[in-house]
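Trainee: Here it is: the structure, laid out below.
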Amino acid sequence: MTIEILYPEVCNLYGDLMNAEYLRRCVPETTVIRTSLKSRPAFLDQKVDLVTVCSMSERAQILARDALKPHLEALEAKIEEGLPFLVTGNALELFIREIQDADGAKTPMLGLFDLTARRDMEKRYNALYLGKFEDMDIVGFKSQFGHAYEGRDVPPLFETARGAGRNPGEKGEGIRYKNFMATYVLGPLLILNPPFARYMLGLLGEGDRPLAFEKAAMDAYQLRLIEFRDPKRGFTYG
Amino acid sequence: MRKLRFFLALWLGKCARIALRVLRRNATYFPGVVALKVCPDFLGQVGKPRDIIAVTGTNGKTTVSNLIADVLTDRGYKVLTNRLGSNVAAGIATALLTGSTVFGKARYDTAVLEIDERSSKRIYPYVKPKLLVVTNLFRDSIMRNAHPAYIAWFLEQAVPRETKLVLNADDLISCRIAPENDRVYFAVDRLKTDVVECINLINDLQICPVCSGELQYEYRRYHHIGKAHCKDCGFASPEPDYLGTDVDTENMTMTVRDSRGESAVYPLLSDSVFNIYNVVTVAAALREFGLSHAEIAESLGKTKIVETRYNVRQAGKVRIVMQMSKDKNALAGSRAFDYISQLPGEKEIILMMNCLADQRHWSENTTWLYDCDFEFLAREGIRRIVCTGPRARDYYLRLLLAGVPEEKLRCTLTELEAPELLEYKPGESVCLFYGTDALDLVYKVQAKIARLAEEAAAR
């Protein structure tokens with residue numbers, strides 16, 4: 001299996017990189033390609049099983065957008081072909097139409113999905129997340145300056161049970177189009193959610209592999225699930 | 001009307017402080033909350049000391065501001081500080097109202113204020129330091145601080161134009177803030193332990209901040225700290241005005257050499273690289289303030305690091321090492337793990353850096369565990385690690401992924417049970433890592449470790 005991590009020199013916040021690492025621990029012979037901003041993405045020219053893009057700074061969003069822009073048509077074709085992507089945190093905003101800042105500034109993004117992010121750098125949204133992916137419970141964390149709006153025709157990745165979806169008024173969270181999966185839920189999503197990690201392994205043709213440290217991962221997941229389902233527990237950090 | 005509101009705020013704040021002190025409660029935050037509520041521009045109107053040294057940055061600001069205040073006090077200055085209290089706007093308001101007369105005039109000529117980076121915009125429009133020391137900028141709490149470039153942007157917008165900056169030349173993130181301000185730089189010369197390639201998970205400056213080109217490190221201390229230049233545009237670490245050199249951790253001394261050609265031998269407060277930086281930082285700040293090297297070095301020799309952060313005591317036949325590691329702060333964890341794991345001898349460890357305040361109301365955001373170098377705890381010499389507290393299972397999983405063998409790990413959600421899972425082998429160190437918000441519980445765990453260690457020694 002080959003996993004490509006796009007632009008890890010700038011897209012590396014909040015432990016998101018550990019998603020690829022966890023899959024590698026499950027399938028030790030995995031090849032991990034770390035593609036820098038100045039390199040041509042490997043998935044354009046060779047067989048890659050999964051592309052990951054991780055959380056980043058606002059400056060890095062511009063750098064990553066500019067690095068991907070020359071390959072936009074090919075990127076779109078790969079998504080249409082069903083190449084799996086796992087995009088976490090504000091990396092989701094790379095693929096939408098634009099980011100609108102509170103001061104009125106508009107930053108065009110790659111425009112593959114018809115969503116607009118509204119961002120306020122003075123207001124950070126911090127919350128727990130509880131949702132569903134198919135029949136699986138998803139737990140996670142959000143910590144972001146922007147939310148995505150509009151996009152009525154963009155299918156979500158998760159169905160929110162508690163917390164905000166793509167924005168606080170929406171239940172749908174993230175983007176799922178064929179095997180392109182993007183979510184504002186950040187960090188080591190696969191480690192926090194062993195059932196989702198198992199799904200990912202299956203998607204990548206490695207469904208018969210056991211999860212790395214499965215029991216420990218399930219113990220932590222189940223405790224978190226109990227906490228997140230507790231109606232008395234606050235969900236948005238004050 | 002504006003004046004009336006100010007006096008009402010001042011007096012209510014002072015009354016709140018007296019009442020809290022009578023009740024033996026912490027009076028270092030709430031009086032400022034009252035004052036700012038009644039008079040939102042209280043910080044602008046209250047009298048301020050003539051010379052203010054402000055200290056900010058991700059790591060080291062408490063230690064550095066305490067050391068600066070201690071040296072100045074030892075040299076005979078009457079110094080106003082916020083050392084026992086909060087470093088956000090309400091804490092600064094509390095300190096200033098404490099240091100003012102009933103008419104709001106400053107009673108001090110000098111203040112040393114530790115200021116939270118994120119509070120810059122609420123403080124610097126009113127409080128204009130003579131010197132602003134920035135220790136460093138790293139990844140901190142994901143929820144408040146997002147990422148270091150965000151905090152640099154925050155500082156950038158707020159730092160008063162007339163303030164002279166004392167900056168870390170080895171930190172290419174913080175040393176670039178407010179380029180129009182007058183500034184000096186400090187740095188630590190090449191150390192034996194330096195590397196070139198980053199071995200840490202967090203490395204927040206991997207490309208040139210000017211042209212996004214390739215950064216080449218001449219040496220790297222840890223994370224992005226070190227001396228570097230850009231291969232593409234020539235951007236480079238600034239030359240330091242104050243350089244810590246000839247670091248001697250056996251004799252616990254270091255020479256600080258400045259760009260005026262003066263130098264002096266300084267005492268080191270501990271052999272950790274962080275504390276080596278702290279001494280250079282203090283030397284640079286106080287030389288800029290006007291003290292001589294000899295005065296600073298002599299007074300620094302009389303100070304020590306606050307014991308709540310790091311201390312060692314003997315109990316039975318083991319050493320108990322207490323190491324604070326700020327909760328939800330991957331960088332603090334990495335530095336602490338690196339240091340403790342390299343202490344000589346065998347070690348047993350208890351990890352209890354849980355953020356209990358978060359746990360009471362929400363659930364701790366644990367993504368920082370995967371930015372933090374738990375891999376250092378897989379080093380030889382660590383015989384056992386007990387994970388405890390509400391996030392014990394997350395620590396346990398993280399340590400397995402870090403390469404710690406399962407047989408070395410123990411796990412309990414109940415902190416006071418953790419000491420029972422240690423062995424207390426004669427001659428070893430029992431190291432307790434703890435966060436900042438549960439000191440009462442930490443002391444109970446420490447006391448239980450001591451009791452069990454003494455019982456083990458008596459057997």
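Here's how to read the names in the structure tokens: chain A, B, ... by the order shown, residue numbers from 1 in each chain, ligand numbers from 1 in the order shown.
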Using only C-alpha atoms, determine which residues of chain B fall within 10 Å of chain A; present them as a compact mmCIF listing (two decimals) with C-alpha atoms, in the first residue's frame.
Mentor:
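What landed in iface_35.txt:
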```txt
# COMPACT_ATOMS: atom_id res chain seq x y z
CA ARG B 139 2.86 25.36 19.33
CA SER B 141 -2.81 25.09 23.47
CA ILE B 142 -4.61 24.24 20.24
CA MET B 143 -7.76 25.90 21.52
CA ARG B 144 -6.38 29.30 22.53
CA ASN B 145 -3.27 29.61 20.46
CA ALA B 146 -3.93 27.71 17.22
CA HIS B 147 -0.36 27.75 15.91
CA PRO B 148 2.78 29.88 16.44
CA ALA B 149 2.31 32.03 13.34
CA TYR B 150 -1.10 33.02 14.70
CA PHE B 154 -1.32 38.64 17.48
CA LEU B 201 7.36 15.68 15.95
CA ILE B 202 6.78 19.42 16.20
CA ASN B 203 8.82 21.43 13.74
CA ASP B 204 6.94 24.61 13.01
CA LEU B 205 9.42 26.21 10.65
CA GLN B 206 10.42 23.88 7.87
CA ILE B 207 10.49 26.41 5.07
CA PRO B 209 9.41 32.39 6.29
CA SER B 212 9.16 29.50 1.30
CA GLY B 213 12.51 28.16 0.12
CA GLU B 214 14.58 25.45 1.75
CA ALA B 330 2.97 19.13 23.43
CA ASP B 358 -11.44 20.60 31.06
CA GLN B 359 -12.46 17.20 32.33
CA ARG B 360 -14.87 18.71 34.86
CA HIS B 361 -16.85 20.52 32.18
CA TRP B 362 -16.06 18.94 28.81
CA SER B 363 -13.46 16.40 27.83
CA GLU B 364 -9.84 17.23 27.23
CA ASN B 365 -8.84 17.73 23.60
CA THR B 366 -6.08 15.14 23.43
CA THR B 367 -4.80 15.80 19.92
CA TRP B 368 -1.65 17.28 21.51
CA LEU B 369 -0.57 13.76 22.52
CA TYR B 370 0.23 13.12 18.86
CA ASP B 371 2.36 16.27 18.56
CA CYS B 372 4.31 15.37 21.68
CA PRO B 390 -9.16 10.52 33.18
CA ARG B 391 -7.04 10.32 30.03
CA ALA B 392 -4.92 7.37 31.18
CA ARG B 393 -6.13 5.15 28.34
CA ASP B 394 -5.10 7.78 25.79
CA TYR B 395 -1.61 7.97 27.31
CA TYR B 396 -1.41 4.18 27.32
CA LEU B 397 -2.24 3.93 23.61
CA ARG B 398 0.09 6.80 22.76
CA LEU B 400 2.37 1.83 22.76
CA LEU B 401 2.51 3.73 19.47
CA GLU B 406 3.38 -3.25 26.83
```
Trainee: Can you tell me which residues surround A:Leu50 at a distance of at most 12 Å, considering only C-alpha atoms, apart from same-chain residues fewer than 2 positions away, and format the answer as a compact mmCIF listing (two decimals) with C-alpha atoms, in the first residue's frame?
Mentor:
```txt
# COMPACT_ATOMS: atom_id res chain seq x y z
CA MET A 1 0.00 0.00 0.00
CA THR A 2 1.22 3.51 -0.77
CA ILE A 3 0.11 6.59 1.15
CA GLU A 4 1.00 10.06 -0.06
CA ILE A 5 1.12 12.90 2.46
CA LEU A 6 0.81 16.23 0.70
CA ASN A 19 -3.44 9.08 10.65
CA ALA A 20 -1.07 7.96 7.92
CA LEU A 23 -2.28 2.96 8.84
CA ARG A 24 1.41 2.20 8.34
CA THR A 30 3.26 0.51 3.52
CA THR A 31 5.26 3.03 1.52
CA VAL A 32 4.74 6.60 2.70
CA ILE A 33 5.54 9.36 0.20
CA ALA A 42 3.05 11.41 -6.79
CA PHE A 43 -0.60 10.39 -7.23
CA GLN A 46 2.00 6.52 -10.03
CA LYS A 47 -0.28 4.22 -8.12
CA VAL A 48 -1.10 5.73 -4.78
CA THR A 52 -3.77 12.67 3.04
CA VAL A 53 -3.73 16.41 3.69
CA LYS A 78 -8.37 11.34 -9.78
CA ILE A 79 -11.20 12.17 -7.38
CA GLY A 82 -12.30 7.15 -6.87
CA LEU A 83 -8.82 7.76 -5.47
CA PRO A 84 -9.23 7.82 -1.67
CA PHE A 85 -8.38 11.10 0.09
CA LEU A 86 -8.38 11.76 3.82
CA VAL A 87 -8.40 15.50 4.44
CA ASN A 179 -13.71 8.14 -1.91
CA PHE A 180 -12.77 11.76 -1.22
CA MET A 181 -13.27 12.31 2.50
CA MET A 200 -10.30 2.79 5.89
CA LEU A 201 -8.19 -0.37 5.81
CA LEU A 203 -11.30 0.71 1.50
CA LEU A 204 -7.58 0.42 0.87
CA GLY A 205 -7.80 -3.32 0.25
```
Trainee: What is the atom CA of B:Pro49 to atom CA of B:Ser119 distance in Å?
Mentor: 19.8 Å
Trainee: Using only C-alpha atoms, which residues sit within 6 Å of B:Cys39 once same-chain residues fewer than 5 positions away are excluded, as JSON, numbers by chain?
Mentor: {"B": [5, 6, 9]}
Trainee: Excluding B:Thr436 and its own-chain neighbours fewer than 6 positions away, which residues fall within 8 Å of it when counting only C-alpha atoms? Please give them as a PyMOL selection string.
Mentor: chain B and resi 324-327+353
Trainee: Can you check which residues of stretch 186-411 of chain B DSSP gives as strand (DSSP E) on the backbone and send them as a PyMOL selection string?
Mentor: chain B and resi 186-188+215-222+225-230+242-248+253-258+263-267+310-315+318-324+347-352+382-388+409-411
